[in-house]
Every structure is written in C-alpha cells, then in structure tokens.
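The structure file upload.cif is reproduced below (mmCIF, C-alpha atoms).
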```
data_target
#
loop_
_atom_site.group_PDB
_atom_site.id
_atom_site.type_symbol
_atom_site.label_atom_id
_atom_site.label_comp_id
_atom_site.auth_asym_id
_atom_site.auth_seq_id
_atom_site.Cartn_x
_atom_site.Cartn_y
_atom_site.Cartn_z
ATOM 1 C CA ASN A 1269 -22.277 14.201 -9.397
ATOM 2 C CA LYS A 1270 -21.961 15.181 -5.732
ATOM 3 C CA MET A 1271 -25.201 13.393 -4.847
ATOM 4 C CA LEU A 1272 -24.039 10.314 -6.706
ATOM 5 C CA ALA A 1273 -20.773 10.316 -4.766
ATOM 6 C CA ILE A 1274 -22.559 10.775 -1.420
ATOM 7 C CA ASP A 1275 -25.008 8.000 -2.264
ATOM 8 C CA ALA A 1276 -22.142 5.696 -3.231
ATOM 9 C CA VAL A 1277 -20.328 6.295 0.074
ATOM 10 C CA LEU A 1278 -23.492 5.880 2.180
ATOM 11 C CA ASN A 1279 -24.499 2.651 0.439
ATOM 12 C CA GLY A 1280 -21.057 1.064 0.582
ATOM 13 C CA TYR A 1281 -20.215 1.362 -3.089
ATOM 14 C CA THR A 1282 -16.737 0.054 -3.756
ATOM 15 C CA ILE A 1283 -14.644 -0.110 -6.889
ATOM 16 C CA GLU A 1284 -12.943 -3.395 -7.477
ATOM 17 C CA PRO A 1285 -9.328 -2.888 -8.414
ATOM 18 C CA GLU A 1286 -8.405 -4.022 -11.895
ATOM 19 C CA GLN A 1287 -6.846 -7.462 -11.975
ATOM 20 C CA LEU A 1288 -3.130 -7.433 -12.666
ATOM 21 C CA TYR A 1289 -0.937 -10.123 -14.148
ATOM 22 C CA TYR A 1290 2.768 -10.829 -14.280
ATOM 23 C CA ILE A 1291 4.551 -13.109 -16.725
ATOM 24 C CA PRO A 1292 7.195 -15.415 -15.241
ATOM 25 C CA LEU A 1293 9.561 -16.674 -17.924
ATOM 26 C CA PRO A 1294 10.093 -20.435 -17.660
ATOM 27 C CA HIS A 1295 13.630 -21.727 -17.514
ATOM 28 C CA LEU A 1296 15.029 -18.225 -17.009
ATOM 29 C CA GLU A 1297 16.574 -17.614 -13.622
ATOM 30 C CA THR A 1298 19.235 -15.225 -12.425
ATOM 31 C CA SER A 1299 22.550 -16.652 -11.249
ATOM 32 C CA ASP A 1300 21.216 -16.542 -7.677
ATOM 33 C CA GLY A 1301 18.088 -18.552 -8.608
ATOM 34 C CA ILE A 1302 15.479 -15.775 -8.904
ATOM 35 C CA GLN A 1303 12.783 -16.361 -11.560
ATOM 36 C CA GLN A 1304 12.932 -13.747 -14.322
ATOM 37 C CA VAL A 1305 9.751 -12.054 -15.539
ATOM 38 C CA LEU A 1306 8.710 -10.240 -18.696
ATOM 39 C CA SER A 1307 9.618 -6.591 -18.200
ATOM 40 C CA LYS A 1308 9.341 -3.275 -19.961
ATOM 41 C CA ARG A 1309 10.646 0.222 -19.325
ATOM 42 C CA LYS A 1310 8.017 2.932 -19.067
ATOM 43 C CA GLY A 1311 7.481 4.577 -22.440
ATOM 44 C CA ASP A 1312 9.320 1.796 -24.293
ATOM 45 C CA LYS A 1313 7.658 -0.748 -26.572
ATOM 46 C CA ARG A 1314 10.289 -3.466 -26.195
ATOM 47 C CA TYR A 1315 10.033 -6.329 -23.708
ATOM 48 C CA PHE A 1316 12.926 -8.091 -21.990
ATOM 49 C CA ALA A 1317 13.645 -10.564 -19.201
ATOM 50 C CA SER A 1318 14.561 -9.206 -15.791
ATOM 51 C CA ARG A 1319 14.436 -10.091 -12.126
ATOM 52 C CA PRO A 1320 11.434 -8.616 -10.271
ATOM 53 C CA SER A 1321 11.879 -4.873 -9.858
ATOM 54 C CA GLU A 1322 9.839 -1.948 -8.586
ATOM 55 C CA ILE A 1323 11.182 0.459 -11.223
ATOM 56 C CA LEU A 1324 10.265 -1.640 -14.277
ATOM 57 C CA LYS A 1325 6.818 -2.349 -15.668
ATOM 58 C CA GLN A 1326 6.142 -5.974 -14.779
ATOM 59 C CA ARG A 1327 2.449 -5.916 -13.876
ATOM 60 C CA TYR A 1328 0.007 -5.884 -16.740
ATOM 61 C CA THR A 1329 -3.745 -5.406 -17.101
ATOM 62 C CA LYS A 1330 -5.798 -7.740 -19.264
ATOM 63 C CA GLU A 1331 -5.727 -5.134 -22.055
ATOM 64 C CA GLU A 1332 -1.935 -4.859 -21.804
ATOM 65 C CA ILE A 1333 -1.587 -8.661 -21.932
ATOM 66 C CA ALA A 1334 -3.291 -8.507 -25.329
ATOM 67 C CA GLN A 1335 -0.339 -6.391 -26.568
ATOM 68 C CA VAL A 1336 2.326 -8.816 -25.310
ATOM 69 C CA PRO A 1337 3.988 -11.067 -27.922
ATOM 70 C CA GLU A 1338 1.859 -14.180 -28.422
ATOM 71 C CA ILE A 1339 4.472 -16.626 -27.123
ATOM 72 C CA TYR A 1340 4.378 -15.059 -23.630
ATOM 73 C CA LYS A 1341 0.599 -14.743 -23.183
ATOM 74 C CA PHE A 1342 0.334 -18.388 -22.092
ATOM 75 C CA TYR A 1343 2.496 -17.664 -19.023
ATOM 76 C CA ALA A 1344 0.457 -14.706 -17.762
ATOM 77 C CA THR A 1345 -0.323 -15.298 -14.077
ATOM 78 C CA LEU A 1346 -2.929 -13.436 -12.053
ATOM 79 C CA ILE A 1347 -1.470 -11.543 -9.111
ATOM 80 C CA GLU A 1348 -3.490 -12.546 -6.066
ATOM 81 C CA GLU A 1349 -4.482 -9.791 -3.652
ATOM 82 C CA GLU A 1350 -2.053 -9.567 -0.773
ATOM 83 C CA GLU A 1351 -3.646 -10.399 2.558
ATOM 84 C CA GLU A 1352 -3.281 -7.741 5.189
#
```

If you took the structure in this file and wrote it as structure tokens, what would it be?
Amino acid sequence: NKMLAIDAVLNGYTIEPEQLYYIPLPHLETSDGIQQVLSKRKGDKRYFASRPSEILKQRYTKEEIAQVPEIYKFYATLIEEEEE
C-alpha cells in the first residue's frame, strides 16, 4: 500500500471530489427574500424547508438524492466548484 501511495503522488494521481447537490424549493422564500432549500438535521430522517445554513444538512450526494422524496428530486441542482 505504501508503494501504491508513493506511485500515486509521483504520477499526479488525484481523487475527484464527489459531486454534491442542493435542492432549492420553488416558491418558498423567507420574509427577507432568501430562497429556502430542502434541509435535514443530522441523524434525522425527516426533511423540511429552511434558509441556507451551515449547521443543517443541505448538500446531498447522488446516492442521498435517491432517498429524497420523489417530488423534490426534480429540483436537485449540482453545486458548481467554487473558483479560487
């Protein structure tokens, strides 16, 4: 395994980060005009609408999107990589 790791570093092996999605909820905005998104608390199975937040689960992998209620899957939007 060490040789494999060394070879990977020397040959420029990179791991592509898994694509993440968020689900904006159409026609749902906060009173100050912020688009609400499908949210979930860690360890909870229930989804709800909330403004964007760092403490809630609001980014989903493709596998997690498969678990989302069917009505919301259509709104799943790929999160583009942030340019540095």

- request: Record the distance separating CA of Gln1335 (chain A) and CA of Tyr1315 (chain A), expressed in Å with one decimal.
  value: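 Atom-to-atom, CA of Gln1335 (chain A) to CA of Tyr1315 (chain A), that is 10.8 Å.
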
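If you look at CA of Pro1337 (chain A) and CA of Asp1300 (chain A), they are 27.1 Å away from each other.
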
- prompt: Quick one: residues within 8 Å of Tyr1290 (chain A), all atoms listed in the file counted, chain neighbours fewer than 4 positions away excluded, as a PyMOL selection string?
  reply: chain A and resi 1305-1306+1326-1328+1344-1347

task: To one decimal in Å, tell me the separation between CA of Gln1303 (chain A) and CA of Lys1325 (chain A).
output: 15.8 Å

field: Chain and number of each residue from the PyMOL selection byres ((chain A and resi 1320-1322) around 7), as an NGL selection string
entry: :A and (1304-1305 or 1318-1319 or 1323-1324)

task: Pick out the residues sitting within 10 Å of region 1276-1287 of chain A, and hand them over as a PyMOL selection string; count all atoms listed in the file, and ignore anything fewer than 2 positions along from it in its own chain.
output: chain A and resi 1270-1274+1289+1327-1330+1346-1349

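Minimum distance to Tyr1340 (chain A) across A:Asp1312, A:Pro1294, A:Asn1269, A:Ile1302 (counting all atoms listed in the file) occurs at A:Pro1294.
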
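Comparing A:Leu1288, A:Phe1342, A:Asp1275, A:Leu1293 by their smallest distance to Ala1317 (chain A), the closest is A:Leu1293 (using all atoms listed in the file).
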